[in-house]
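**Q** Dropping a structure here in structure tokens format, bear with me for questions.
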Amino acid sequence: MRRSSSYPRPVSFGVAGPLEVLLVSPPLRAEQRYGRLAAAGMYMPPMGLTVLAASLRKAGHSVALLDCEALGLNHQEAKEQCRRSAPRILGLTAVTMSVQSAADLAALLKPLLPNTVFVLGGPHLSAAPEETLTRYPQFDVGVIGEGEETLLELVRRVLCEESITDLEGTIVWIGDTLRRNPNRALLEDIDTIPFPAWDLLPELQTHYRPSAFGFRKLPCMSVLTSRGCPGRCSFCSQGVWTDRYREHSAGYVLKMIRELYHHYGIRDLCIYDGTFGVKRSRLIELCELLIAERWDLVFSCNLRVGMADEKMLRLLKRAGCWGVAYGIESGSSKILEHLRKDITPAMIQRAITLTARAGLISKGYLMVGTPAETEETLAETLAFISTLDLDLLTVNSFTPFPGTLDWERADGFGTFDKDWSRLNQHSYAFVPHGLTRERLEYYVRLITRTFYVRPRVMINFARLMLNPYHLPLIYSGLTSFASFVGRSHRDL
Ligand code: SF4
């Protein structure tokens, strides 16, 4: 790999500056993230950065966080803020859809901060390290995988003017050559990680919001209680935390929630774990601890269809859970098998029925246009969704992301535009053979409309509208939802 000579290495790692580390979530507009449903979309803190910041601070470093998306900063505004901070190390995080934005910001800053080491981390870099740094040589180093220990060691070495070229868990430019160092082992005990540095973010209650139907009380905040997932879904990238499941103890999670509850006034939690409840004994212990606290607190979580059972769902309900989301993906057995979901339509039916029986709201995530999708499988999904006792449904266009099995095999199943900035869940970057983008758009709207224009779902919405917490967010959500599905009348 050759690096452009226009990006020289930092001239000195030892120049004193006012701030040691600045961690940045790059500018991204809601429309880029959610397309036409931008007004209904959520925005929650960049959790990885808040934990990295807390780890650095615990080690005695001066660290600041800049969440450009939450603050609504464009690149020029973000550039000014970073330039004024003049950090010794500037770390940007990015998913695939935001990596171009992160690179643009780094390119603007690079000539202005010649003594700063530019670091890129996050899911995209972990999935495609060589290609990313080759394409964006303005970054001096990439942190691959779990970042806490790697970043701590990187910061220590930079501040001590030691070489970082052999640092485990990184990919680094040496002159104009890229060097990929060995991966770093995952943390054995993730309870050693400090709680996220929420205090370094902009005001939580005014800068972050859940999705229009993703909460029951306000303020609402996201938390992670585990890392990794043992699932093997073909569309899921596990580049940062891998498929090795590790969890915080129930006691750790309770303390973290206590801090959010008492210090930040949080009353609703989105538990973001890809799969909450992989280890049943911990889930039971945590629920019992929450029941004993008797807080005015509710939460929602993601479960795998195969893990839902009546006893667990009823316990979740008693602990304050109001809703459970499931990755349904498709109503076609053939597609579920192709996606390696290890579930069947019958298992989905059962999980949704049990969830309703436990008095919980159920939400499903569906993908349209997966590899091997056909008119027949789409019709199957449409028919299947109408039979479910489901309360909420999100329908996305399927997108293969770097680091997944589907990224590798997509070309064999359809046409695929690999432009990173188009890799989101509303741009139809992948179109399976035998279908067109227009047909996929049509089905996304048709399934969404068919699902929501049902008496049962409408009654649920009417109930939600009675809750004063919901009115502003639901109004904006319904407005964008109506304009989104309304187009289908003309398109049919
Ligand atoms: S169950 Fe969810 S988090 Fe786990 S691999 Fe599948 S999609 Fe990813």
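Identifiers for the structure tokens are assigned positionally: chains receive A, B, ... in sequence, residues are indexed from 1 per chain, and ligands are indexed from 1 in the order shown.
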Can you tell me, as number ranges by chain, which residues in region 283-453 of chain A count as strand (DSSP E) by DSSP?

**A** A: 298-302, 321-329, 361-368, 392-397, 414-416, 430-432

**Q** Write the residues you've just listed into a file as a compact mmCIF listing (two decimals), in the first residue's frame, and include N, CA, C and O atoms for each of them.

**A**
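What ended up in again26.txt:
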```txt
# COMPACT_ATOMS: atom_id res chain seq x y z
N VAL A 298 -38.69 2.44 32.90
CA VAL A 298 -39.09 1.37 31.98
C VAL A 298 -37.97 1.15 30.96
O VAL A 298 -37.04 1.96 30.88
N PHE A 299 -38.05 0.07 30.22
CA PHE A 299 -37.01 -0.19 29.22
C PHE A 299 -37.54 -1.06 28.08
O PHE A 299 -38.61 -1.68 28.19
N SER A 300 -36.78 -1.08 26.99
CA SER A 300 -37.06 -1.98 25.87
C SER A 300 -35.76 -2.68 25.50
O SER A 300 -34.67 -2.22 25.87
N CYS A 301 -35.86 -3.81 24.80
CA CYS A 301 -34.64 -4.57 24.48
C CYS A 301 -34.84 -5.38 23.20
O CYS A 301 -35.95 -5.47 22.67
N ASN A 302 -33.75 -5.96 22.71
CA ASN A 302 -33.79 -6.86 21.55
C ASN A 302 -33.61 -8.29 22.03
O ASN A 302 -32.69 -8.57 22.80
N CYS A 321 -39.96 -3.77 31.63
CA CYS A 321 -39.82 -3.81 30.17
C CYS A 321 -41.19 -3.52 29.53
O CYS A 321 -42.20 -4.08 29.94
N TRP A 322 -41.20 -2.62 28.54
CA TRP A 322 -42.47 -2.36 27.84
C TRP A 322 -42.46 -2.94 26.43
O TRP A 322 -43.52 -3.15 25.84
N GLY A 323 -41.27 -3.19 25.87
CA GLY A 323 -41.26 -3.66 24.48
C GLY A 323 -40.05 -4.51 24.14
O GLY A 323 -38.97 -4.33 24.70
N VAL A 324 -40.27 -5.44 23.23
CA VAL A 324 -39.19 -6.32 22.78
C VAL A 324 -39.14 -6.28 21.26
O VAL A 324 -40.18 -6.39 20.59
N ALA A 325 -37.93 -6.10 20.71
CA ALA A 325 -37.77 -6.08 19.25
C ALA A 325 -37.12 -7.38 18.80
O ALA A 325 -36.24 -7.93 19.47
N TYR A 326 -37.58 -7.87 17.66
CA TYR A 326 -37.05 -9.11 17.09
C TYR A 326 -36.58 -8.86 15.65
O TYR A 326 -37.25 -8.16 14.89
N GLY A 327 -35.45 -9.46 15.30
CA GLY A 327 -35.00 -9.43 13.90
C GLY A 327 -35.73 -10.51 13.14
O GLY A 327 -35.31 -11.66 13.12
N ILE A 328 -36.86 -10.15 12.53
CA ILE A 328 -37.67 -11.12 11.79
C ILE A 328 -37.07 -11.36 10.41
O ILE A 328 -37.04 -12.46 9.89
N GLU A 329 -36.66 -10.28 9.80
CA GLU A 329 -35.97 -10.23 8.49
C GLU A 329 -36.84 -10.62 7.31
O GLU A 329 -36.86 -9.93 6.30
N ILE A 361 -45.20 -4.87 24.21
CA ILE A 361 -45.26 -4.42 22.82
C ILE A 361 -44.18 -5.18 22.05
O ILE A 361 -43.06 -5.32 22.53
N SER A 362 -44.52 -5.65 20.86
CA SER A 362 -43.49 -6.33 20.06
C SER A 362 -43.20 -5.52 18.81
O SER A 362 -44.10 -4.92 18.21
N LYS A 363 -41.93 -5.50 18.46
CA LYS A 363 -41.51 -4.80 17.25
C LYS A 363 -40.72 -5.76 16.37
O LYS A 363 -39.95 -6.57 16.88
N GLY A 364 -40.90 -5.67 15.07
CA GLY A 364 -40.16 -6.53 14.16
C GLY A 364 -39.32 -5.70 13.20
O GLY A 364 -39.73 -4.61 12.80
N TYR A 365 -38.14 -6.20 12.89
CA TYR A 365 -37.31 -5.60 11.84
C TYR A 365 -37.32 -6.53 10.64
O TYR A 365 -37.09 -7.73 10.77
N LEU A 366 -37.58 -5.94 9.49
CA LEU A 366 -37.72 -6.72 8.27
C LEU A 366 -36.78 -6.15 7.21
O LEU A 366 -36.56 -4.94 7.17
N MET A 367 -36.25 -7.02 6.35
CA MET A 367 -35.40 -6.53 5.25
C MET A 367 -36.00 -6.97 3.92
O MET A 367 -36.45 -8.11 3.78
N VAL A 368 -35.97 -6.06 2.98
CA VAL A 368 -36.50 -6.34 1.64
C VAL A 368 -35.35 -6.29 0.65
O VAL A 368 -34.54 -5.35 0.67
N LEU A 392 -45.36 -3.14 16.13
CA LEU A 392 -44.58 -2.16 15.37
C LEU A 392 -43.70 -2.90 14.37
O LEU A 392 -43.25 -4.01 14.63
N LEU A 393 -43.46 -2.25 13.25
CA LEU A 393 -42.65 -2.90 12.21
C LEU A 393 -41.77 -1.86 11.53
O LEU A 393 -42.23 -0.77 11.18
N THR A 394 -40.50 -2.19 11.35
CA THR A 394 -39.60 -1.35 10.56
C THR A 394 -39.15 -2.16 9.36
O THR A 394 -38.64 -3.28 9.52
N VAL A 395 -39.36 -1.61 8.17
CA VAL A 395 -38.97 -2.32 6.95
C VAL A 395 -37.82 -1.56 6.30
O VAL A 395 -37.95 -0.38 5.97
N ASN A 396 -36.69 -2.23 6.15
CA ASN A 396 -35.52 -1.60 5.54
C ASN A 396 -35.17 -2.28 4.22
O ASN A 396 -35.49 -3.45 4.02
N SER A 397 -34.46 -1.53 3.38
CA SER A 397 -33.90 -2.19 2.20
C SER A 397 -32.64 -2.91 2.65
O SER A 397 -31.89 -2.41 3.50
N GLY A 414 -26.84 -10.43 -7.42
CA GLY A 414 -27.53 -9.25 -7.93
C GLY A 414 -26.55 -8.17 -8.32
O GLY A 414 -25.34 -8.40 -8.39
N THR A 415 -27.08 -6.96 -8.55
CA THR A 415 -26.20 -5.84 -8.85
C THR A 415 -25.97 -5.05 -7.57
O THR A 415 -26.90 -4.83 -6.79
N PHE A 416 -24.73 -4.64 -7.37
CA PHE A 416 -24.36 -4.08 -6.08
C PHE A 416 -23.48 -2.85 -6.29
O PHE A 416 -22.38 -2.96 -6.83
N PHE A 430 -28.13 -2.58 -3.18
CA PHE A 430 -28.11 -3.94 -3.72
C PHE A 430 -29.48 -4.29 -4.28
O PHE A 430 -30.50 -4.09 -3.60
N VAL A 431 -29.50 -4.81 -5.51
CA VAL A 431 -30.77 -5.24 -6.12
C VAL A 431 -30.59 -6.68 -6.60
O VAL A 431 -29.74 -6.96 -7.45
N PRO A 432 -31.38 -7.61 -6.03
CA PRO A 432 -31.22 -9.02 -6.42
C PRO A 432 -31.59 -9.24 -7.89
O PRO A 432 -32.42 -8.51 -8.44
```

**Q** With only C-alpha atoms as the counted atoms, please give the residues lying no more than 10 Å from region 148-156 of chain A, apart from itself and same-chain residues fewer than 3 positions off, as a ChimeraX atom specification.

**A** /A:20-21,48-49,51-57,59,61,88-89,91,117,119,121,141-145,159-165,167-170,183-187,193

**Q** Would you list the contacts of Val278 (chain A) as an MDAnalysis selection string, taking every protein, DNA or RNA residue within 9 Å and counting only C-alpha atoms, but skipping same-chain residues closer than 5 positions in sequence?

**A** chainID A and resid 229:230 245 283 303:304 307

**Q** Please, which residues in chain A fall within 8 Å of ligand 1 when counting only C-alpha atoms and all ligand atoms, and what is the closest atom pair and distance in Å to one decimal for each, ordered by chain then residue number, as a tab-separated table?

**A**
```
residue	atom	partner	partner_atom_place_in_ligand_line	distance
A:Gly228	CA	ligand 1	3 (S)	7.3
A:Cys229	CA	ligand 1	4 (Fe)	4.6
A:Pro230	CA	ligand 1	4 (Fe)	6.1
A:Gly231	CA	ligand 1	5 (S)	3.8
A:Arg232	CA	ligand 1	5 (S)	4.8
A:Cys233	CA	ligand 1	6 (Fe)	4.3
A:Ser234	CA	ligand 1	5 (S)	7.7
A:Phe235	CA	ligand 1	7 (S)	6.9
A:Cys236	CA	ligand 1	8 (Fe)	4.6
A:Ser237	CA	ligand 1	8 (Fe)	6.9
A:Gln238	CA	ligand 1	8 (Fe)	7.1
A:Asp243	CA	ligand 1	5 (S)	7.4
A:Asp273	CA	ligand 1	3 (S)	7.5
A:Gly274	CA	ligand 1	3 (S)	3.9
A:Thr275	CA	ligand 1	3 (S)	5.9
A:Arg304	CA	ligand 1	1 (S)	6.2
A:Gly327	CA	ligand 1	2 (Fe)	6.8
A:Lys341	CA	ligand 1	6 (Fe)	6.5
```

**Q** How would you write, as a JSON list (two decimals) with N, CA and C atoms, in the first residue's frame, the set of residues in region 95-169 of chain A that DSSP gives as alpha helix (DSSP H)?

**A**
```
[["chain", "number", "residue", "atom", "x", "y", "z"],
["A", 99, "VAL", "N", -18.15, 7.12, 7.02],
["A", 99, "VAL", "CA", -16.69, 7.11, 6.93],
["A", 99, "VAL", "C", -16.19, 8.21, 5.99],
["A", 100, "GLN", "N", -16.95, 8.51, 4.93],
["A", 100, "GLN", "CA", -16.53, 9.59, 4.03],
["A", 100, "GLN", "C", -16.55, 10.93, 4.78],
["A", 101, "SER", "N", -17.56, 11.11, 5.62],
["A", 101, "SER", "CA", -17.66, 12.35, 6.40],
["A", 101, "SER", "C", -16.47, 12.47, 7.36],
["A", 102, "ALA", "N", -16.12, 11.36, 8.02],
["A", 102, "ALA", "CA", -14.98, 11.36, 8.93],
["A", 102, "ALA", "C", -13.70, 11.70, 8.17],
["A", 103, "ALA", "N", -13.56, 11.11, 6.98],
["A", 103, "ALA", "CA", -12.36, 11.35, 6.18],
["A", 103, "ALA", "C", -12.31, 12.80, 5.70],
["A", 104, "ASP", "N", -13.45, 13.36, 5.33],
["A", 104, "ASP", "CA", -13.48, 14.76, 4.88],
["A", 104, "ASP", "C", -13.05, 15.69, 6.00],
["A", 105, "LEU", "N", -13.53, 15.41, 7.21],
["A", 105, "LEU", "CA", -13.16, 16.26, 8.35],
["A", 105, "LEU", "C", -11.66, 16.14, 8.64],
["A", 106, "ALA", "N", -11.15, 14.92, 8.61],
["A", 106, "ALA", "CA", -9.71, 14.72, 8.86],
["A", 106, "ALA", "C", -8.88, 15.43, 7.79],
["A", 107, "ALA", "N", -9.35, 15.39, 6.54],
["A", 107, "ALA", "CA", -8.59, 16.04, 5.45],
["A", 107, "ALA", "C", -8.56, 17.56, 5.64],
["A", 108, "LEU", "N", -9.67, 18.11, 6.13],
["A", 108, "LEU", "CA", -9.71, 19.56, 6.39],
["A", 108, "LEU", "C", -8.74, 19.95, 7.50],
["A", 109, "LEU", "N", -8.64, 19.08, 8.50],
["A", 109, "LEU", "CA", -7.86, 19.41, 9.70],
["A", 109, "LEU", "C", -6.37, 19.10, 9.56],
["A", 123, "PRO", "N", -16.72, 0.49, 13.53],
["A", 123, "PRO", "CA", -17.07, -0.73, 12.77],
["A", 123, "PRO", "C", -16.54, -0.75, 11.34],
["A", 124, "HIS", "N", -16.55, 0.38, 10.65],
["A", 124, "HIS", "CA", -16.12, 0.33, 9.25],
["A", 124, "HIS", "C", -14.63, 0.04, 9.14],
["A", 125, "LEU", "N", -13.84, 0.75, 9.93],
["A", 125, "LEU", "CA", -12.39, 0.53, 9.88],
["A", 125, "LEU", "C", -12.06, -0.91, 10.24],
["A", 126, "SER", "N", -12.76, -1.44, 11.24],
["A", 126, "SER", "CA", -12.48, -2.82, 11.66],
["A", 126, "SER", "C", -12.82, -3.82, 10.56],
["A", 127, "ALA", "N", -13.83, -3.49, 9.75],
["A", 127, "ALA", "CA", -14.25, -4.42, 8.69],
["A", 127, "ALA", "C", -13.36, -4.33, 7.46],
["A", 129, "PRO", "N", -9.87, -2.54, 7.05],
["A", 129, "PRO", "CA", -8.79, -1.64, 7.48],
["A", 129, "PRO", "C", -7.86, -1.18, 6.36],
["A", 130, "GLU", "N", -7.37, -2.12, 5.55],
["A", 130, "GLU", "CA", -6.40, -1.74, 4.51],
["A", 130, "GLU", "C", -7.04, -0.80, 3.49],
["A", 131, "GLU", "N", -8.21, -1.19, 3.01],
["A", 131, "GLU", "CA", -8.86, -0.39, 1.97],
["A", 131, "GLU", "C", -9.20, 1.01, 2.49],
["A", 132, "THR", "N", -9.61, 1.08, 3.75],
["A", 132, "THR", "CA", -10.02, 2.38, 4.31],
["A", 132, "THR", "C", -8.82, 3.31, 4.46],
["A", 133, "LEU", "N", -7.73, 2.82, 5.03],
["A", 133, "LEU", "CA", -6.58, 3.72, 5.21],
["A", 133, "LEU", "C", -5.90, 4.05, 3.88],
["A", 134, "THR", "N", -5.96, 3.12, 2.93],
["A", 134, "THR", "CA", -5.40, 3.43, 1.61],
["A", 134, "THR", "C", -6.21, 4.53, 0.93],
["A", 135, "ARG", "N", -7.53, 4.43, 1.08],
["A", 135, "ARG", "CA", -8.39, 5.43, 0.46],
["A", 135, "ARG", "C", -8.31, 6.77, 1.19],
["A", 148, "GLU", "N", -10.48, -0.11, 23.67],
["A", 148, "GLU", "CA", -10.06, 0.48, 24.95],
["A", 148, "GLU", "C", -8.55, 0.34, 25.20],
["A", 149, "GLU", "N", -8.05, -0.89, 25.18],
["A", 149, "GLU", "CA", -6.64, -1.09, 25.53],
["A", 149, "GLU", "C", -5.72, -0.55, 24.45],
["A", 150, "THR", "N", -6.13, -0.72, 23.20],
["A", 150, "THR", "CA", -5.29, -0.24, 22.09],
["A", 150, "THR", "C", -5.14, 1.28, 22.15],
["A", 151, "LEU", "N", -6.25, 1.97, 22.36],
["A", 151, "LEU", "CA", -6.19, 3.43, 22.37],
["A", 151, "LEU", "C", -5.40, 3.93, 23.58],
["A", 152, "LEU", "N", -5.58, 3.28, 24.72],
["A", 152, "LEU", "CA", -4.82, 3.68, 25.91],
["A", 152, "LEU", "C", -3.32, 3.58, 25.64],
["A", 153, "GLU", "N", -2.92, 2.46, 25.05],
["A", 153, "GLU", "CA", -1.50, 2.25, 24.79],
["A", 153, "GLU", "C", -1.01, 3.21, 23.71],
["A", 154, "LEU", "N", -1.86, 3.47, 22.73],
["A", 154, "LEU", "CA", -1.49, 4.40, 21.66],
["A", 154, "LEU", "C", -1.25, 5.80, 22.24],
["A", 155, "VAL", "N", -2.17, 6.23, 23.09],
["A", 155, "VAL", "CA", -2.05, 7.57, 23.69],
["A", 155, "VAL", "C", -0.79, 7.64, 24.56],
["A", 156, "ARG", "N", -0.58, 6.59, 25.33],
["A", 156, "ARG", "CA", 0.61, 6.59, 26.20],
["A", 156, "ARG", "C", 1.89, 6.73, 25.36],
["A", 157, "ARG", "N", 1.95, 5.93, 24.29],
["A", 157, "ARG", "CA", 3.18, 5.95, 23.47],
["A", 157, "ARG", "C", 3.36, 7.30, 22.78],
["A", 158, "VAL", "N", 2.27, 7.85, 22.26],
["A", 158, "VAL", "CA", 2.39, 9.14, 21.56],
["A", 158, "VAL", "C", 2.87, 10.21, 22.53],
["A", 159, "LEU", "N", 2.29, 10.23, 23.73],
["A", 159, "LEU", "CA", 2.66, 11.26, 24.70],
["A", 159, "LEU", "C", 4.09, 11.08, 25.19]]
```

**Q** Could you pull the residues within 9 Å of Leu297 (chain A), counting only C-alpha atoms, minus those fewer than 3 positions along the same chain, as a list in words?

**A**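 Surrounding residues, per the criterion: Lys217, Tyr261, Ile266, Arg267, Asp268, Leu269, Leu290, Arg294, Ala319, Gly320 and Cys321 of chain A.
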
**Q** Any chance you can output those residues with all heavy atoms as a tab-separated table (two decimals), in the first residue's frame?

**A**
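Resulting contents of out_26.tsv:
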```tsv
chain	number	residue	atom	x	y	z
A	217	LYS	N	-41.40	6.62	28.09
A	217	LYS	CA	-41.23	7.77	28.98
A	217	LYS	C	-40.04	8.57	28.49
A	217	LYS	O	-39.17	8.04	27.79
A	217	LYS	CB	-40.98	7.30	30.42
A	217	LYS	CG	-42.18	6.64	31.06
A	217	LYS	CD	-41.92	6.34	32.51
A	217	LYS	CE	-43.18	5.70	33.12
A	217	LYS	NZ	-43.03	5.45	34.54
A	261	TYR	N	-30.25	7.00	36.16
A	261	TYR	CA	-31.54	7.32	36.78
A	261	TYR	C	-31.41	8.52	37.73
A	261	TYR	O	-32.18	9.48	37.64
A	261	TYR	CB	-32.03	6.08	37.54
A	261	TYR	CG	-33.40	6.21	38.15
A	261	TYR	CD1	-34.54	6.05	37.36
A	261	TYR	CD2	-33.57	6.48	39.51
A	261	TYR	CE1	-35.81	6.16	37.91
A	261	TYR	CE2	-34.83	6.60	40.06
A	261	TYR	CZ	-35.94	6.43	39.27
A	261	TYR	OH	-37.20	6.55	39.81
A	266	ILE	N	-32.89	9.82	33.81
A	266	ILE	CA	-33.39	8.96	32.73
A	266	ILE	C	-34.53	8.08	33.26
A	266	ILE	O	-34.44	7.49	34.34
A	266	ILE	CB	-32.24	8.08	32.17
A	266	ILE	CG1	-31.14	8.97	31.57
A	266	ILE	CG2	-32.76	7.08	31.14
A	266	ILE	CD1	-31.57	9.92	30.48
A	267	ARG	N	-35.60	7.96	32.46
A	267	ARG	CA	-36.77	7.18	32.88
A	267	ARG	C	-37.12	6.06	31.90
A	267	ARG	O	-38.07	5.30	32.14
A	267	ARG	CB	-37.98	8.12	33.06
A	267	ARG	CG	-37.82	9.11	34.22
A	267	ARG	CD	-37.78	8.35	35.56
A	267	ARG	NE	-37.55	9.23	36.70
A	267	ARG	CZ	-36.36	9.46	37.26
A	267	ARG	NH1	-35.26	8.89	36.78
A	267	ARG	NH2	-36.25	10.24	38.31
A	268	ASP	N	-36.41	5.99	30.78
A	268	ASP	CA	-36.66	4.92	29.81
A	268	ASP	C	-35.31	4.53	29.21
A	268	ASP	O	-34.51	5.41	28.86
A	268	ASP	CB	-37.61	5.43	28.72
A	268	ASP	CG	-38.22	4.29	27.88
A	268	ASP	OD1	-37.65	3.19	27.87
A	268	ASP	OD2	-39.26	4.54	27.24
A	269	LEU	N	-35.05	3.24	29.12
A	269	LEU	CA	-33.77	2.78	28.57
A	269	LEU	C	-34.00	1.96	27.31
A	269	LEU	O	-34.86	1.08	27.30
A	269	LEU	CB	-33.06	1.87	29.58
A	269	LEU	CG	-32.61	2.49	30.90
A	269	LEU	CD1	-32.16	1.38	31.84
A	269	LEU	CD2	-31.46	3.47	30.65
A	290	LEU	N	-33.84	-5.09	39.38
A	290	LEU	CA	-34.65	-3.93	38.97
A	290	LEU	C	-36.00	-3.93	39.69
A	290	LEU	O	-36.49	-2.88	40.13
A	290	LEU	CB	-34.87	-3.95	37.45
A	290	LEU	CG	-33.66	-3.55	36.60
A	290	LEU	CD1	-33.91	-3.84	35.12
A	290	LEU	CD2	-33.33	-2.07	36.79
A	294	ARG	N	-37.69	-0.81	42.57
A	294	ARG	CA	-38.99	-0.11	42.46
A	294	ARG	C	-38.84	1.30	41.89
A	294	ARG	O	-39.47	2.26	42.35
A	294	ARG	CB	-39.67	-0.05	43.84
A	294	ARG	CG	-39.88	-1.42	44.45
A	294	ARG	CD	-40.33	-1.31	45.90
A	294	ARG	NE	-41.66	-0.74	46.00
A	294	ARG	CZ	-42.77	-1.44	45.97
A	294	ARG	NH1	-42.72	-2.74	45.82
A	294	ARG	NH2	-43.94	-0.85	46.08
A	319	ALA	N	-40.17	-6.40	35.48
A	319	ALA	CA	-38.99	-5.57	35.76
A	319	ALA	C	-39.09	-4.19	35.12
A	319	ALA	O	-38.20	-3.35	35.30
A	319	ALA	CB	-37.73	-6.28	35.28
A	320	GLY	N	-40.14	-3.95	34.33
A	320	GLY	CA	-40.32	-2.62	33.73
A	320	GLY	C	-40.19	-2.60	32.22
A	320	GLY	O	-40.27	-1.54	31.60
A	321	CYS	N	-39.96	-3.77	31.63
A	321	CYS	CA	-39.82	-3.81	30.17
A	321	CYS	C	-41.19	-3.52	29.53
A	321	CYS	O	-42.20	-4.08	29.94
A	321	CYS	CB	-39.33	-5.19	29.74
A	321	CYS	SG	-39.08	-5.33	27.97
```

**Q** What gap, in Å, lies between CA of Thr377 (chain A) and CA of Leu336 (chain A)?

**A** 10.4 Å

**Q** List as number ranges by chain the protein and nucleic acid residues near Gly306 (chain A), meaning an atom at most 9 Å away when only C-alpha atoms are counted, but skip any in the same chain fewer than 5 places from it.

**A** A: 342-343, 347-348, 351

**Q** Ranking A:Cys68, A:Arg318, A:Ser98, A:Ile271 by minimum distance to Cys287 (chain A) and counting only C-alpha atoms, which one comes first?

**A**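 That would be A:Arg318, the residue with the smallest distance to Cys287 (chain A).
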
**Q** Name all residues at most 8 Å from region 247-255 of chain A (count only C-alpha atoms; drop same-chain ones fewer than 2 positions away) and give them as a ChimeraX atom specification.

**A** /A:189-191,225-227,245,257-259,282-283,285-286,289-290
